[in-house]
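Structure data (CSV, C-alpha atoms) from final_3.csv:
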chain,number,residue,atom,x,y,z
C,1,MET,CA,25.7,-9.9,41.7
C,2,LYS,CA,24.0,-13.2,42.3
C,3,ASN,CA,20.6,-11.5,42.4
C,4,ILE,CA,21.2,-9.8,39.0
C,5,ASP,CA,22.1,-13.1,37.4
C,6,MET,CA,19.0,-14.7,39.0
C,7,ASN,CA,16.9,-12.0,37.3
C,8,GLN,CA,18.8,-12.1,34.0
C,9,THR,CA,18.5,-15.8,33.4
C,10,PRO,CA,14.7,-15.9,32.9
C,11,LEU,CA,15.0,-12.9,30.6
C,12,LYS,CA,17.8,-14.5,28.6
C,13,ASN,CA,15.7,-17.7,28.4
C,14,LYS,CA,12.8,-15.8,27.1
C,15,ILE,CA,14.9,-14.0,24.5
C,16,GLU,CA,16.4,-17.3,23.3
C,17,GLU,CA,13.0,-18.9,23.3
C,18,ALA,CA,11.7,-16.1,21.1
C,19,LEU,CA,14.7,-16.4,18.7
C,20,GLN,CA,14.0,-20.1,18.3
C,21,SER,CA,10.2,-19.7,18.0
C,22,LEU,CA,10.5,-19.8,14.2
C,23,ASP,CA,12.2,-23.2,14.2
C,24,ALA,CA,9.9,-25.8,12.5
C,25,VAL,CA,7.5,-23.0,11.4
C,26,GLN,CA,5.0,-24.1,8.7
C,27,ARG,CA,4.7,-22.0,5.6
C,28,ALA,CA,1.7,-19.7,5.5
C,29,THR,CA,-0.6,-20.0,2.6
C,30,PRO,CA,-2.8,-17.3,1.0
C,31,ARG,CA,-6.6,-17.3,1.1
C,32,PRO,CA,-8.2,-19.7,-1.4
C,33,PHE,CA,-9.0,-18.6,-5.0
C,34,LEU,CA,-5.8,-16.5,-5.3
C,35,MET,CA,-5.8,-17.2,-9.1
C,36,THR,CA,-9.4,-15.8,-9.4
C,37,ARG,CA,-8.3,-12.7,-7.6
C,38,ILE,CA,-5.3,-12.3,-9.8
C,39,HIS,CA,-7.4,-12.6,-12.9
C,40,ALA,CA,-9.9,-10.1,-11.6
C,41,ARG,CA,-7.1,-7.7,-10.9
C,42,MET,CA,-5.5,-8.2,-14.3
C,43,ASN,CA,-8.9,-7.5,-16.0
C,44,LYS,CA,-9.4,-4.4,-13.9
C,45,GLU,CA,-5.9,-3.1,-14.7
C,46,SER,CA,-6.4,-3.7,-18.4
C,47,LEU,CA,-9.5,-1.4,-18.6
C,48,SER,CA,-9.2,1.5,-21.1
C,49,VAL,CA,-8.6,5.0,-19.9
C,50,TRP,CA,-12.2,6.0,-20.5
C,51,GLU,CA,-13.5,2.9,-18.7
C,52,ARG,CA,-11.3,3.9,-15.7
C,53,VAL,CA,-12.5,7.5,-15.8
C,54,GLY,CA,-16.1,6.1,-16.0
C,55,GLU,CA,-15.5,3.8,-13.1
C,56,LEU,CA,-14.1,6.6,-11.1
C,57,PHE,CA,-17.1,8.9,-11.7
C,58,ILE,CA,-19.7,6.3,-10.8
C,59,GLN,CA,-18.5,6.4,-7.2
C,60,PRO,CA,-21.2,7.9,-4.8
C,61,ARG,CA,-18.8,10.6,-3.5
C,62,TRP,CA,-18.1,11.9,-7.1
C,63,ILE,CA,-21.9,11.8,-7.9
C,64,LEU,CA,-22.6,13.8,-4.7
C,65,THR,CA,-19.8,16.3,-5.5
C,66,GLY,CA,-21.1,16.7,-9.0
C,67,LEU,CA,-24.7,17.3,-7.8
C,68,CYS,CA,-23.5,19.9,-5.3
C,69,LEU,CA,-21.5,21.6,-7.9
C,70,VAL,CA,-24.4,21.8,-10.3
C,71,LEU,CA,-26.7,23.1,-7.5
C,72,ALA,CA,-24.1,25.7,-6.5
C,73,MET,CA,-23.7,26.8,-10.1
C,74,ASN,CA,-27.5,27.1,-10.5
C,75,ALA,CA,-27.7,29.1,-7.3
C,76,ALA,CA,-24.9,31.4,-8.4
C,77,VAL,CA,-26.6,32.0,-11.8
C,78,VAL,CA,-29.9,32.8,-10.2
C,79,LEU,CA,-28.3,35.2,-7.7
C,80,PHE,CA,-26.3,36.9,-10.5
C,81,ASN,CA,-29.4,37.3,-12.7
C,82,ASN,CA,-31.4,38.9,-9.8
C,83,ARG,CA,-28.6,41.4,-9.2
C,84,SER,CA,-28.4,42.3,-12.9
C,85,ASN,CA,-32.2,42.8,-13.2
C,86,ASP,CA,-32.1,45.1,-10.2
C,87,ALA,CA,-29.4,47.2,-11.8
C,88,VAL,CA,-31.3,47.5,-15.1
C,89,VAL,CA,-34.5,48.5,-13.3
C,90,SER,CA,-32.8,51.2,-11.3
C,91,THR,CA,-31.1,52.6,-14.4
C,92,ILE,CA,-34.5,52.8,-16.2
C,93,GLU,CA,-36.1,54.4,-13.2
C,94,GLN,CA,-33.3,57.0,-12.9
C,95,THR,CA,-33.6,57.9,-16.6
C,96,ASN,CA,-37.3,58.3,-16.4
C,97,SER,CA,-37.1,60.6,-13.4
C,98,GLU,CA,-34.4,62.7,-15.0
C,99,GLU,CA,-36.6,63.1,-18.1
C,100,ASP,CA,-39.6,64.0,-15.9
C,101,TYR,CA,-37.7,66.9,-14.2
C,102,SER,CA,-35.8,68.0,-17.3
C,103,THR,CA,-36.4,71.7,-18.4
C,104,ALA,CA,-35.0,71.3,-21.8
C,105,VAL,CA,-37.7,70.7,-24.4
C,106,ALA,CA,-36.1,69.3,-27.6
C,107,THR,CA,-39.2,70.0,-29.7
C,108,LEU,CA,-38.7,73.8,-29.5
C,109,TYR,CA,-35.6,73.5,-31.6
C,110,ASP,CA,-37.0,71.3,-34.3
C,111,PHE,CA,-36.8,72.9,-37.7
C,112,GLU,CA,-39.8,70.9,-39.0
C,113,ASN,CA,-41.9,72.2,-36.2
C,114,ASN,CA,-42.6,75.7,-37.4
C,115,GLU,CA,-46.1,75.9,-35.9
C,116,PRO,CA,-46.3,78.1,-32.8
J,117,MET,CA,6.8,-29.1,-10.9
J,118,LEU,CA,7.2,-28.6,-14.7
J,119,ASN,CA,10.6,-28.9,-16.2
J,120,GLN,CA,12.0,-25.3,-15.7
J,121,PRO,CA,13.1,-24.3,-19.2
J,122,GLU,CA,10.0,-25.7,-20.8
J,123,PHE,CA,7.9,-24.0,-18.1
J,124,ILE,CA,9.6,-20.7,-18.7
J,125,VAL,CA,9.1,-21.0,-22.4
J,126,GLN,CA,5.4,-21.7,-21.9
J,127,LEU,CA,5.2,-18.7,-19.6
J,128,LYS,CA,6.9,-16.5,-22.1
J,129,GLN,CA,4.4,-17.6,-24.7
J,130,GLY,CA,1.7,-16.4,-22.4
J,131,GLU,CA,0.1,-19.8,-21.9
J,132,GLU,CA,-2.7,-19.7,-19.4
J,133,VAL,CA,-1.9,-23.3,-18.1
J,134,ALA,CA,1.7,-22.4,-17.3
J,135,PHE,CA,0.6,-19.3,-15.4
J,136,THR,CA,-1.9,-21.2,-13.4
J,137,LYS,CA,0.8,-23.8,-12.6
J,138,LEU,CA,3.1,-21.0,-11.6
J,139,VAL,CA,0.6,-19.5,-9.2
J,140,ASN,CA,-0.3,-22.9,-7.7
J,141,ASP,CA,3.4,-24.0,-7.2
J,142,TYR,CA,4.8,-20.7,-5.9
J,143,GLU,CA,1.9,-19.0,-4.1
J,144,GLY,CA,2.9,-20.3,-0.7
J,145,MET,CA,6.5,-19.3,-1.2
J,146,VAL,CA,5.7,-15.8,-2.3
J,147,TYR,CA,2.9,-15.2,0.3
J,148,ASN,CA,5.0,-16.5,3.2
J,149,THR,CA,8.0,-14.3,2.3
J,150,VAL,CA,5.8,-11.2,1.8
J,151,LEU,CA,3.9,-11.9,5.0
J,152,GLY,CA,7.2,-12.3,6.9
J,153,ILE,CA,8.2,-8.8,5.8
J,154,LEU,CA,4.8,-6.9,6.0
J,155,GLN,CA,3.2,-8.9,8.9
J,156,VAL,CA,-0.3,-8.0,7.7
J,157,PRO,CA,-2.1,-10.9,6.0
J,158,ALA,CA,-4.4,-8.7,3.9
J,159,ASP,CA,-1.5,-6.6,2.6
J,160,ALA,CA,0.5,-9.7,2.0
J,161,ASP,CA,-2.3,-11.2,-0.1
J,162,ASP,CA,-2.5,-8.0,-2.2
J,163,ILE,CA,1.3,-7.9,-2.8
J,164,THR,CA,1.3,-11.6,-3.7
J,165,GLN,CA,-1.2,-10.8,-6.4
J,166,GLU,CA,1.0,-8.0,-7.6
J,167,VAL,CA,4.0,-10.2,-7.7
J,168,PHE,CA,2.4,-12.8,-9.9
J,169,ILE,CA,1.0,-10.1,-12.2
J,170,GLN,CA,4.5,-8.6,-12.6
J,171,VAL,CA,6.0,-12.0,-13.2
J,172,TYR,CA,3.4,-12.6,-16.0
J,173,ARG,CA,4.2,-9.2,-17.6
J,174,SER,CA,8.0,-9.3,-17.2
J,175,ILE,CA,8.8,-12.9,-17.7
J,176,SER,CA,10.5,-12.0,-21.0
J,177,SER,CA,13.2,-10.2,-19.0
J,178,PHE,CA,14.1,-13.4,-17.1
J,179,LYS,CA,17.3,-14.6,-18.8
J,180,GLY,CA,17.8,-17.8,-16.8
J,181,GLU,CA,21.0,-16.6,-15.3
J,182,SER,CA,19.7,-17.5,-11.8
J,183,GLN,CA,17.1,-20.0,-10.6
J,184,PHE,CA,13.5,-19.0,-11.4
J,185,SER,CA,12.7,-19.2,-7.7
J,186,THR,CA,15.6,-16.8,-6.9
J,187,TRP,CA,14.2,-14.3,-9.4
J,188,LEU,CA,10.7,-14.7,-8.0
J,189,TYR,CA,12.0,-14.2,-4.4
J,190,ARG,CA,13.7,-10.9,-5.5
J,191,ILE,CA,10.5,-9.6,-7.1
J,192,ALA,CA,8.5,-10.6,-3.9
J,193,ILE,CA,11.0,-8.9,-1.6
J,194,ASN,CA,11.3,-5.7,-3.7
J,195,LYS,CA,7.5,-5.4,-3.9
J,196,ALA,CA,7.0,-6.0,-0.2
J,197,LEU,CA,9.7,-3.4,0.7
J,198,ASP,CA,8.3,-0.9,-1.8
J,199,TYR,CA,4.9,-1.3,-0.2
J,200,GLU,CA,6.3,-1.0,3.3
J,201,LYS,CA,8.0,2.3,2.3
J,202,THR,CA,4.8,3.6,0.9
J,203,THR,CA,2.9,2.6,4.0
J,204,LYS,CA,5.5,4.3,6.2
J,205,ARG,CA,5.2,7.5,4.2
J,206,LYS,CA,1.4,7.4,4.6
J,207,LYS,CA,1.8,6.9,8.3
J,208,ARG,CA,4.1,9.9,8.5
J,209,PHE,CA,1.6,12.0,6.6
J,210,ALA,CA,-1.2,10.7,8.9
J,211,PHE,CA,0.9,11.7,11.9
J,212,ILE,CA,1.3,15.2,10.4
J,213,GLN,CA,-2.4,15.4,9.8
J,214,SER,CA,-3.1,14.3,13.3
J,215,LEU,CA,-1.1,17.3,14.5
J,216,PHE,CA,-3.6,19.5,12.7
J,217,GLY,CA,-6.5,17.6,14.1
J,218,LYS,CA,-7.2,15.3,11.2
J,219,SER,CA,-6.3,11.8,12.3
J,220,ASP,CA,-6.8,8.5,10.6
J,221,SER,CA,-6.7,5.9,13.4
J,222,SER,CA,-6.6,2.9,10.9
J,223,MET,CA,-3.2,4.1,9.7
J,224,THR,CA,-1.6,4.5,13.1
J,225,THR,CA,-2.6,1.3,14.8
J,226,VAL,CA,-0.3,-1.8,14.2
J,227,PRO,CA,-1.8,-5.0,15.5
J,228,ASP,CA,0.3,-7.8,17.0
J,229,PHE,CA,1.2,-10.3,14.4
J,230,ASN,CA,0.8,-14.0,14.8
J,231,HIS,CA,2.2,-16.1,12.0
J,232,PRO,CA,-0.3,-18.8,11.1
J,233,GLY,CA,2.5,-21.4,10.7
J,234,VAL,CA,3.8,-21.1,14.3
J,235,ILE,CA,2.6,-23.8,16.7
J,236,LEU,CA,0.3,-22.7,19.5
J,237,GLU,CA,2.9,-22.9,22.4
J,238,LYS,CA,5.3,-20.6,20.6
J,239,LYS,CA,2.7,-18.0,19.4
J,240,GLN,CA,3.5,-15.5,22.2
J,241,SER,CA,7.3,-15.6,21.8
J,242,SER,CA,7.0,-15.5,18.0
J,243,ALA,CA,4.8,-12.4,18.2
J,244,ALA,CA,7.6,-10.7,20.3
J,245,LEU,CA,10.1,-11.8,17.7
J,246,PHE,CA,8.1,-10.4,14.8
J,247,ALA,CA,7.7,-7.1,16.6
J,248,ALA,CA,11.4,-7.0,17.1
J,249,LEU,CA,12.0,-7.9,13.5
J,250,LYS,CA,10.3,-4.8,12.4
J,251,LYS,CA,12.9,-2.7,14.2
J,252,ILE,CA,16.1,-4.2,12.9
J,253,PRO,CA,17.9,-3.0,9.7
J,254,GLU,CA,16.4,-4.1,6.4
J,255,LYS,CA,19.1,-6.4,5.1
J,256,GLN,CA,19.4,-8.2,8.4
J,257,ARG,CA,15.6,-8.6,8.4
J,258,ILE,CA,15.5,-10.0,4.9
J,259,ALA,CA,18.3,-12.5,5.6
J,260,PHE,CA,16.7,-13.6,8.8
J,261,THR,CA,13.3,-14.0,7.2
J,262,LEU,CA,14.6,-16.0,4.2
J,263,HIS,CA,16.7,-18.3,6.4
J,264,LYS,CA,14.3,-18.8,9.4
J,265,LEU,CA,10.9,-18.4,7.9
J,266,GLU,CA,11.5,-19.7,4.4
J,267,GLY,CA,14.1,-22.3,5.4
J,268,GLN,CA,16.6,-21.1,2.8
J,269,SER,CA,20.2,-22.1,3.1
J,270,TYR,CA,22.9,-19.4,3.4
J,271,ARG,CA,23.9,-20.1,-0.2
J,272,ALA,CA,20.4,-19.6,-1.4
J,273,VAL,CA,20.0,-16.4,0.7
J,274,ALA,CA,23.2,-15.1,-0.8
J,275,ASP,CA,22.0,-15.7,-4.3
J,276,ILE,CA,18.6,-14.0,-3.6
J,277,MET,CA,20.3,-11.0,-2.0
J,278,GLU,CA,23.1,-11.0,-4.6
J,279,THR,CA,25.9,-11.2,-2.1
J,280,THR,CA,28.3,-13.8,-0.7
J,281,VAL,CA,27.7,-16.6,1.8
J,282,ILE,CA,30.2,-14.9,4.2
J,283,ALA,CA,28.2,-11.7,4.0
J,284,VAL,CA,25.0,-13.6,4.8
J,285,GLU,CA,26.6,-15.3,7.8
J,286,SER,CA,27.7,-11.9,9.0
J,287,LEU,CA,24.1,-10.5,8.4
J,288,MET,CA,22.6,-13.3,10.3
J,289,ALA,CA,25.0,-12.9,13.3
J,290,ARG,CA,24.2,-9.1,13.4
J,291,ALA,CA,20.5,-9.8,12.9
J,292,LYS,CA,20.5,-12.1,16.0
J,293,GLU,CA,22.4,-9.6,18.0
J,294,SER,CA,20.0,-6.8,17.0
J,295,LEU,CA,17.0,-9.0,17.8
J,296,ARG,CA,18.4,-9.9,21.2
J,297,LYS,CA,18.7,-6.2,22.0
J,298,GLU,CA,15.2,-5.5,20.8
J,299,LEU,CA,13.7,-8.4,22.6
J,300,LYS,CA,15.5,-7.5,25.8
J,301,TYR,CA,14.0,-4.0,25.6
J,302,PHE,CA,10.6,-5.4,24.7
J,303,TYR,CA,10.5,-7.9,27.6
J,304,GLN,CA,11.9,-5.3,30.1
J,305,HIS,CA,9.6,-2.5,29.2
J,306,GLU,CA,6.4,-4.0,27.6
J,307,LYS,CA,5.3,-7.3,28.9
J,308,TYR,CA,8.0,-9.0,30.9

Please render this file's structure as structure tokens.
Amino acid sequence: MKNIDMNQTPLKNKIEEALQSLDAVQRATPRPFLMTRIHARMNKESLSVWERVGELFIQPRWILTGLCLVLAMNAAVVLFNNRSNDAVVSTIEQTNSEEDYSTAVATLYDFENNEP
Amino acid sequence: MLNQPEFIVQLKQGEEVAFTKLVNDYEGMVYNTVLGILQVPADADDITQEVFIQVYRSISSFKGESQFSTWLYRIAINKALDYEKTTKRKKRFAFIQSLFGKSDSSMTTVPDFNHPGVILEKKQSSAALFAALKKIPEKQRIAFTLHKLEGQSYRAVADIMETTVIAVESLMARAKESLRKELKYFYQHEKY
């Protein structure tokens, strides 16, 4: 029992010391030029909606995102156009080959073409 | 300090001189209170700015039913507590993100706080006290901060917290008890 008390006393002292550590504490003060920072903040907050939107989009990450988006859109358009052209060419080729091997000659049935 | 009613009238009229005077006279009071609650100097500086901006914008709502400083203390405490809740929410979100492999270490590390107004010999014990303060219930913490850090009387604390002197006495007794428990745990498990 005596040993426990011996161990508890320094602990209690430390706790009481910590509790009293704020006695005679000095008031903390903010960094200098607080008024200037408040004014800057007020001016920033009073910007119009368009100014805020503008300010947002001049950030490098937004510029980079915009650039990537434009590049991706361009790449998509180029790829899409290439595929469309291939489709048109293959359709024309198919039509031509069909006409080449066609046995029906439309000119035989033309009324105007009476000549043998 | 300016005569209070005249000073308030000037503030309500949006006079720049009155606002500058307000900031100069009360910056220490607001900053010290907010710092005691948040325990992060950069955050306390930010919230101090917000407090003065809110005072400037909402001075018309001050009816003079209480002392101006009481009203200012309430704004500072509310702002600090709101900020603290937002930060805790972000920390929880960061923790969830860390579970999925996306961790933001800046959000999860809390440095030991040393109040600049504490004398050198008491720095270590006050750091333990501030760490313990973060763990006790909000009302006890506010009462303790206002009384011990700001040197406000129980009467003034009661006015700020919109309660009775007896309730403040009870809050202070419970705050000390909670702090003793936290400090005991701290010294036994961390650094003792």

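In this model, the gap between atom CA of Thr36 of chain C and atom CA of Arg61 of chain C comes to 28.6 Å.
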
Worksheet item: For chain C against chain J, which residues fall within 10 Å using all atoms listed in the file, given as a PyMOL selection string?
Response: chain C and resi 8+10-12+14-31+34-35+37-39+41-42

Atom CA of Ile252 of chain J to atom CA of Arg290 of chain J measures 9.5 Å

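Distance-wise, atom CA of Ile193 of chain J and atom CA of Phe211 of chain J end up 26.6 Å apart.
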
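With distances restricted to only C-alpha atoms, J:Ile191 is the closest residue to Ile276 of chain J from J:Leu197, J:Ile191, J:Leu236, J:Ala247.
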
Enclose segment 175-184 of chain J, meaning all of its atoms listed in the file, in a box aligned along x, y and z, pad it by 5 Å on each side, and list the centre and edge lengths in Å to one decimal, as JSON.
{"center_x": 14.9, "center_y": -15.1, "center_z": -15.8, "size_x": 22.2, "size_y": 19.8, "size_z": 20.4}
